[in-house]
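Chemist: query_8.tsv (TSV, C-alpha atoms and all ligand atoms) pasted underneath:
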```
chain	number	residue	atom	x	y	z
A	123	MET	CA	-34.98	-5.34	6.27
A	124	ASP	CA	-34.56	-1.90	4.61
A	125	LYS	CA	-35.53	-1.36	0.99
A	126	ASN	CA	-32.96	-2.93	-1.38
A	127	GLU	CA	-30.87	-4.16	1.53
A	128	LEU	CA	-30.44	-7.69	0.15
A	129	SER	CA	-29.56	-6.55	-3.38
A	130	LYS	CA	-26.98	-4.13	-1.93
A	131	LYS	CA	-25.42	-6.99	0.02
A	132	VAL	CA	-25.49	-9.20	-3.09
A	133	ARG	CA	-23.60	-6.44	-4.93
A	134	GLN	CA	-21.01	-6.11	-2.13
A	135	GLN	CA	-20.42	-9.82	-1.71
A	136	THR	CA	-20.69	-11.11	-5.28
A	137	ASP	CA	-20.05	-8.04	-7.43
A	138	VAL	CA	-23.30	-8.79	-9.31
A	139	ASN	CA	-25.46	-5.73	-9.98
A	140	VAL	CA	-28.97	-7.16	-10.27
A	141	ILE	CA	-30.24	-3.88	-11.77
A	142	GLU	CA	-28.43	-4.85	-15.00
A	143	CYS	CA	-30.80	-7.79	-15.54
A	144	TYR	CA	-33.31	-6.91	-18.26
A	145	GLN	CA	-35.47	-9.98	-17.83
A	146	CYS	CA	-34.73	-11.71	-21.14
A	147	GLY	CA	-35.39	-15.08	-19.44
A	148	LYS	CA	-32.44	-16.93	-21.03
A	149	CYS	CA	-31.20	-18.04	-17.59
A	150	THR	CA	-34.51	-19.70	-16.76
A	151	ALA	CA	-34.82	-21.24	-20.22
A	152	GLY	CA	-31.45	-23.00	-19.85
A	153	CYS	CA	-31.62	-23.96	-16.18
A	154	PRO	CA	-31.82	-27.79	-15.84
A	155	VAL	CA	-33.82	-27.61	-12.60
A	156	ALA	CA	-36.05	-24.58	-13.35
A	157	ASP	CA	-39.17	-26.76	-13.53
A	158	LYS	CA	-38.54	-27.98	-9.94
A	159	MET	CA	-37.93	-24.49	-8.56
A	160	ASP	CA	-40.51	-22.47	-6.65
A	161	ILE	CA	-38.85	-19.23	-7.86
A	162	ARG	CA	-37.08	-19.42	-11.23
A	163	PRO	CA	-33.67	-17.77	-11.79
A	164	SER	CA	-34.95	-14.75	-13.80
A	165	VAL	CA	-37.64	-14.19	-11.13
A	166	VAL	CA	-34.97	-14.37	-8.40
A	167	MET	CA	-33.25	-11.47	-10.19
A	168	ARG	CA	-36.54	-9.58	-10.56
A	169	MET	CA	-37.36	-9.98	-6.88
A	170	LEU	CA	-33.92	-8.71	-5.90
A	171	GLN	CA	-34.41	-5.71	-8.18
A	172	SER	CA	-37.72	-4.88	-6.51
A	173	GLY	CA	-35.91	-4.41	-3.20
A	174	ASP	CA	-39.16	-5.15	-1.45
A	175	ALA	CA	-38.62	-6.60	2.06
A	176	ALA	CA	-41.35	-9.26	1.65
A	177	SER	CA	-39.83	-10.47	-1.66
A	178	GLU	CA	-36.37	-10.59	-0.13
A	179	ASP	CA	-37.68	-12.63	2.77
A	180	GLU	CA	-39.50	-14.97	0.35
A	181	LEU	CA	-36.24	-15.50	-1.55
A	182	LEU	CA	-34.33	-16.50	1.58
A	183	ARG	CA	-37.10	-18.95	2.47
A	184	SER	CA	-37.33	-20.43	-1.04
A	185	LEU	CA	-36.42	-23.96	-2.10
A	186	SER	CA	-34.89	-22.70	-5.37
A	187	ILE	CA	-31.71	-21.39	-3.79
A	188	TRP	CA	-31.02	-24.92	-2.49
A	189	LEU	CA	-31.93	-26.66	-5.74
A	190	CYS	CA	-29.44	-24.62	-7.77
A	191	LEU	CA	-26.66	-26.98	-8.94
A	192	THR	CA	-24.10	-24.21	-9.58
A	193	CYS	CA	-23.83	-25.63	-13.10
A	194	GLU	CA	-23.31	-22.09	-14.50
A	195	THR	CA	-25.53	-22.65	-17.57
A	196	CYS	CA	-27.44	-19.46	-16.71
A	197	TYR	CA	-24.21	-17.50	-16.34
A	198	SER	CA	-22.88	-18.70	-19.69
A	199	ARG	CA	-26.15	-17.73	-21.43
A	200	CYS	CA	-26.74	-14.38	-19.77
A	201	PRO	CA	-26.19	-11.52	-22.26
A	202	MET	CA	-25.24	-9.28	-19.31
A	203	GLU	CA	-22.83	-11.89	-17.89
A	204	LEU	CA	-24.56	-11.83	-14.52
A	205	ASP	CA	-23.16	-14.54	-12.25
A	206	ILE	CA	-26.43	-16.03	-10.93
A	207	PRO	CA	-24.74	-19.09	-9.31
A	208	LYS	CA	-22.72	-16.69	-7.15
A	209	VAL	CA	-25.93	-14.87	-6.21
A	210	MET	CA	-27.60	-18.19	-5.33
A	211	ASP	CA	-24.62	-19.14	-3.19
A	212	TYR	CA	-24.80	-15.85	-1.29
A	213	LEU	CA	-28.56	-16.27	-0.78
A	214	ARG	CA	-27.92	-19.76	0.67
A	215	GLN	CA	-25.41	-18.31	3.12
A	216	ARG	CA	-27.89	-15.60	4.20
A	217	SER	CA	-30.72	-18.10	4.44
A	218	LEU	CA	-28.62	-20.27	6.77
A	219	ALA	CA	-27.39	-17.32	8.82
A	220	GLU	CA	-30.96	-15.99	9.28
A	221	GLY	CA	-32.47	-19.41	10.04
A	222	LYS	CA	-34.79	-19.23	7.02
A	223	VAL	CA	-33.93	-22.54	5.30
A	224	HIS	CA	-36.90	-24.15	3.50
A	225	LYS	CA	-38.08	-27.29	5.31
A	226	ASP	CA	-37.67	-29.47	2.18
A	227	ALA	CA	-34.02	-28.44	1.90
A	228	ARG	CA	-33.03	-30.19	5.14
A	229	ASP	CA	-31.07	-33.02	3.44
A	230	ILE	CA	-29.42	-30.63	0.99
A	231	VAL	CA	-28.26	-28.43	3.88
A	232	ALA	CA	-26.96	-31.49	5.75
A	233	PHE	CA	-24.95	-32.49	2.66
A	234	HIS	CA	-23.73	-28.90	2.15
A	235	LYS	CA	-22.47	-28.74	5.77
A	236	SER	CA	-20.85	-32.20	5.65
A	237	PHE	CA	-19.09	-31.34	2.41
A	238	LEU	CA	-17.68	-28.12	3.90
A	239	ASN	CA	-16.70	-29.90	7.14
A	240	SER	CA	-14.71	-32.42	5.12
A	241	ILE	CA	-12.90	-29.68	3.16
A	242	GLU	CA	-12.29	-27.65	6.33
A	243	SER	CA	-10.74	-30.67	8.13
A	244	ASN	CA	-8.62	-32.09	5.33
A	245	GLY	CA	-8.30	-29.49	2.60
A	246	ARG	CA	-9.88	-31.96	0.20
A	247	LEU	CA	-12.91	-34.19	0.09
A	248	HIS	CA	-12.82	-37.40	2.14
A	249	GLU	CA	-15.77	-39.38	0.78
A	250	MET	CA	-16.04	-41.77	3.72
A	251	GLY	CA	-16.03	-38.92	6.27
A	252	LEU	CA	-18.56	-37.03	4.15
A	253	VAL	CA	-20.94	-40.01	4.07
A	254	ILE	CA	-20.72	-40.55	7.85
A	255	ASP	CA	-21.12	-36.84	8.67
A	256	TYR	CA	-24.07	-36.52	6.23
A	257	LYS	CA	-25.84	-39.55	7.69
A	258	LEU	CA	-25.45	-38.24	11.23
A	259	HIS	CA	-26.79	-34.78	10.28
A	260	SER	CA	-29.62	-35.96	8.01
A	261	GLY	CA	-30.71	-39.01	10.02
A	262	ASN	CA	-30.79	-41.06	6.75
A	263	LEU	CA	-28.64	-43.76	8.34
A	264	LEU	CA	-29.50	-46.62	6.01
A	265	GLN	CA	-29.83	-44.71	2.74
A	266	ASP	CA	-27.62	-46.31	-0.02
A	267	VAL	CA	-25.91	-48.49	2.59
A	268	THR	CA	-25.89	-51.52	0.25
A	269	THR	CA	-23.67	-49.72	-2.26
A	270	ALA	CA	-20.79	-49.32	0.25
A	271	PRO	CA	-19.19	-52.82	-0.09
A	272	GLY	CA	-18.97	-52.48	-3.89
A	273	MET	CA	-17.41	-49.03	-3.58
A	274	PHE	CA	-14.86	-50.34	-1.07
A	275	SER	CA	-13.85	-53.20	-3.31
A	276	ARG	CA	-13.40	-50.82	-6.28
A	277	GLY	CA	-11.21	-48.53	-4.16
A	278	LYS	CA	-13.69	-45.63	-4.29
A	279	LEU	CA	-13.91	-45.25	-0.51
A	280	HIS	CA	-10.86	-44.73	1.71
A	281	ILE	CA	-10.90	-45.18	5.48
A	282	LEU	CA	-8.36	-42.42	6.21
A	283	PRO	CA	-8.47	-38.94	4.65
A	284	GLU	CA	-5.62	-37.42	2.64
A	285	GLN	CA	-4.46	-34.10	4.09
A	286	ILE	CA	-3.10	-31.04	2.31
A	287	LYS	CA	0.18	-29.46	3.48
A	288	ASP	CA	-0.95	-25.84	3.90
A	289	LYS	CA	-3.35	-26.32	6.82
A	290	LYS	CA	-2.71	-22.75	8.06
A	291	GLY	CA	-3.75	-21.31	4.68
A	292	LEU	CA	-6.88	-23.45	4.82
A	293	LYS	CA	-7.73	-22.15	8.29
A	294	ARG	CA	-7.30	-18.56	7.07
A	295	LEU	CA	-9.60	-19.23	4.10
A	296	PHE	CA	-12.42	-20.51	6.32
A	297	LYS	CA	-11.90	-17.67	8.82
A	298	ASN	CA	-12.30	-15.08	6.04
A	299	GLN	CA	-15.36	-16.94	4.79
A	300	ASP	CA	-16.92	-16.76	8.27
A	301	LYS	CA	-16.30	-13.00	8.37
A	302	ASN	CA	-18.02	-12.59	4.97
A	303	LYS	CA	-21.03	-14.57	6.13
A	304	LYS	CA	-21.55	-12.19	9.04
A	305	SER	CA	-21.34	-9.05	6.87
B	401	LIG	S1	-30.22	-14.17	-18.66
B	401	LIG	FE1	-29.30	-12.44	-17.53
B	401	LIG	S2	-30.37	-10.62	-18.29
B	401	LIG	FE2	-31.57	-12.40	-18.92
B	401	LIG	S3	-33.10	-12.66	-17.29
B	401	LIG	FE3	-31.38	-13.96	-16.76
B	401	LIG	S4	-30.07	-12.69	-15.46
B	401	LIG	FE4	-31.47	-11.32	-16.49
B	402	LIG	S1	-26.38	-22.40	-11.88
B	402	LIG	FE1	-28.27	-22.83	-10.77
B	402	LIG	S2	-29.73	-21.33	-11.52
B	402	LIG	FE2	-28.03	-21.37	-12.97
B	402	LIG	S3	-28.67	-22.84	-14.56
B	402	LIG	FE3	-27.47	-23.98	-13.06
B	402	LIG	S4	-28.96	-24.79	-11.62
B	402	LIG	FE4	-29.98	-23.16	-12.77
```
Would you mind writing the file out in structure tokens?
Modeler:
Amino acid sequence: MDKNELSKKVRQQTDVNVIECYQCGKCTAGCPVADKMDIRPSVVMRMLQSGDAASEDELLRSLSIWLCLTCETCYSRCPMELDIPKVMDYLRQRSLAEGKVHKDARDIVAFHKSFLNSIESNGRLHEMGLVIDYKLHSGNLLQDVTTAPGMFSRGKLHILPEQIKDKKGLKRLFKNQDKNKKS
């Protein structure tokens, strides 16, 4: 990777200019999962600023990008209004595209894919389909299986998905997203 290549792509795809980060640390201080992360949010920004190929590779292989909850606490606290959740999302896409996903993020990636599959098929989340797809991808076939009957009886799980009307618009949205991932 050329110097600063990843930060340039982050700028193009998310409109976040990482150079504007002045390392105040407020994002890390407010992040609810910072203590579980291998690279904390302010350090993610610092590593992107460095433009160093090894740091950029380390970021794409990190667990942090998969632990981010997209809660936006960092964004709301940042004095420069830098949208870190958007940056994290882009880094996840790159990590997937380059086959650099951290080994401990396997279940998170399986969930991420199942969630998107459900939205792509129906235009909205179908919980039952999500659970089945996730179990098939993750191999965690029996995880939480005892909670299913209770959820059925309370009407929280539906056998058939609800569909949106504008399926063509949905297709277009995912097609554009695929194009962005490749760029
Ligand atoms: S809060 Fe904003 S300016 Fe401060 S370290 Fe985080 S990203 Fe940088
Ligand atoms: S959006 Fe991600 S990085 Fe930002 S505070 Fe939430 S979990 Fe932390």
Chemist: What is the distance, in Å and to one decimal place, between CA of Gly261 in chain A and CA of Asp229 in chain A?
Modeler: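 Going from CA of Gly261 in chain A over to CA of Asp229 in chain A, I get 8.9 Å.
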Chemist: Give me the residues within 10 Å of His234 in chain A as a ChimeraX atom specification, counting all atoms listed in the file and dropping any in the same chain fewer than 6 places off.
Modeler: /A:188,228,252,256
Chemist: I'd like the neighbourhood of Gly152 in chain A as a PyMOL selection string, where a residue qualifies if any of its atoms comes within 9 Å (using only C-alpha atoms), though same-chain residues fewer than 5 positions away should be ignored.
Modeler: chain A and resi 147+195-196+199
Chemist: When the cut-off is 12 Å and you count all atoms listed in the file, which residues lie near ligand LIG 402 (chain B), shown as a PyMOL selection string?
Modeler: chain A and resi 147-167+185-200+203-211+213-214
Chemist: For ligand LIG 401 (chain B), which residue among A:Arg168, A:Lys130, A:Arg216, A:Lys125 is the nearest when counting all atoms listed in the file?
Modeler: A:Arg168
Chemist: How many Å separate CA of Gln215 in chain A from CA of Met202 in chain A?
Modeler: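 Spanning CA of Gln215 in chain A to CA of Met202 in chain A is a straight-line distance of 24.2 Å.
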Chemist: Could you tell me how far CA of Ser217 in chain A lies from CA of Leu128 in chain A, in Å and to one decimal?
Modeler: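 We find that CA of Ser217 in chain A and CA of Leu128 in chain A lie 11.3 Å from each other.
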Chemist: Identify, on the basis of all atoms listed in the file, every residue whose closest approach to Asp174 in chain A does not exceed 8 Å; exclude the query and any residue fewer than 3 positions from it along the same chain; express the result as number ranges by chain.
Modeler: A: 125-126, 169-170, 177-178
Chemist: Would you mind exporting the chosen residues as a PDB file, in the frame of the given file, restricted to C-alpha atoms?
Modeler:
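Produced file out.pdb, reproduced below:
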```pdb
ATOM      1  CA  LYS A 125     -35.530  -1.360   0.990  1.00  0.00           C
ATOM      2  CA  ASN A 126     -32.960  -2.930  -1.380  1.00  0.00           C
ATOM      3  CA  MET A 169     -37.360  -9.980  -6.880  1.00  0.00           C
ATOM      4  CA  LEU A 170     -33.920  -8.710  -5.900  1.00  0.00           C
ATOM      5  CA  SER A 177     -39.830 -10.470  -1.660  1.00  0.00           C
ATOM      6  CA  GLU A 178     -36.370 -10.590  -0.130  1.00  0.00           C
TER       7      GLU A 178
END
```
Chemist: Kindly indicate which residue among A:Ala176, A:Ile281, A:Val140, A:Val132 lies nearest to ligand LIG 401 (chain B), using all atoms listed in the file for the distances.
Modeler: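 Nearest candidate to ligand LIG 401 (chain B) out of A:Ala176, A:Ile281, A:Val140, A:Val132: A:Val140.
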Chemist: Could you pull the residues within 12 Å of range 296-298 of chain A, counting all atoms listed in the file, minus those fewer than 6 positions along the same chain, as a list in words?
Modeler: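 Using all atoms listed in the file, the neighbours found are Leu238, Asn239, Ile241, Glu242, Ser243, Gly245, Lys289, Lys290, Lys304 and Ser305 of chain A.
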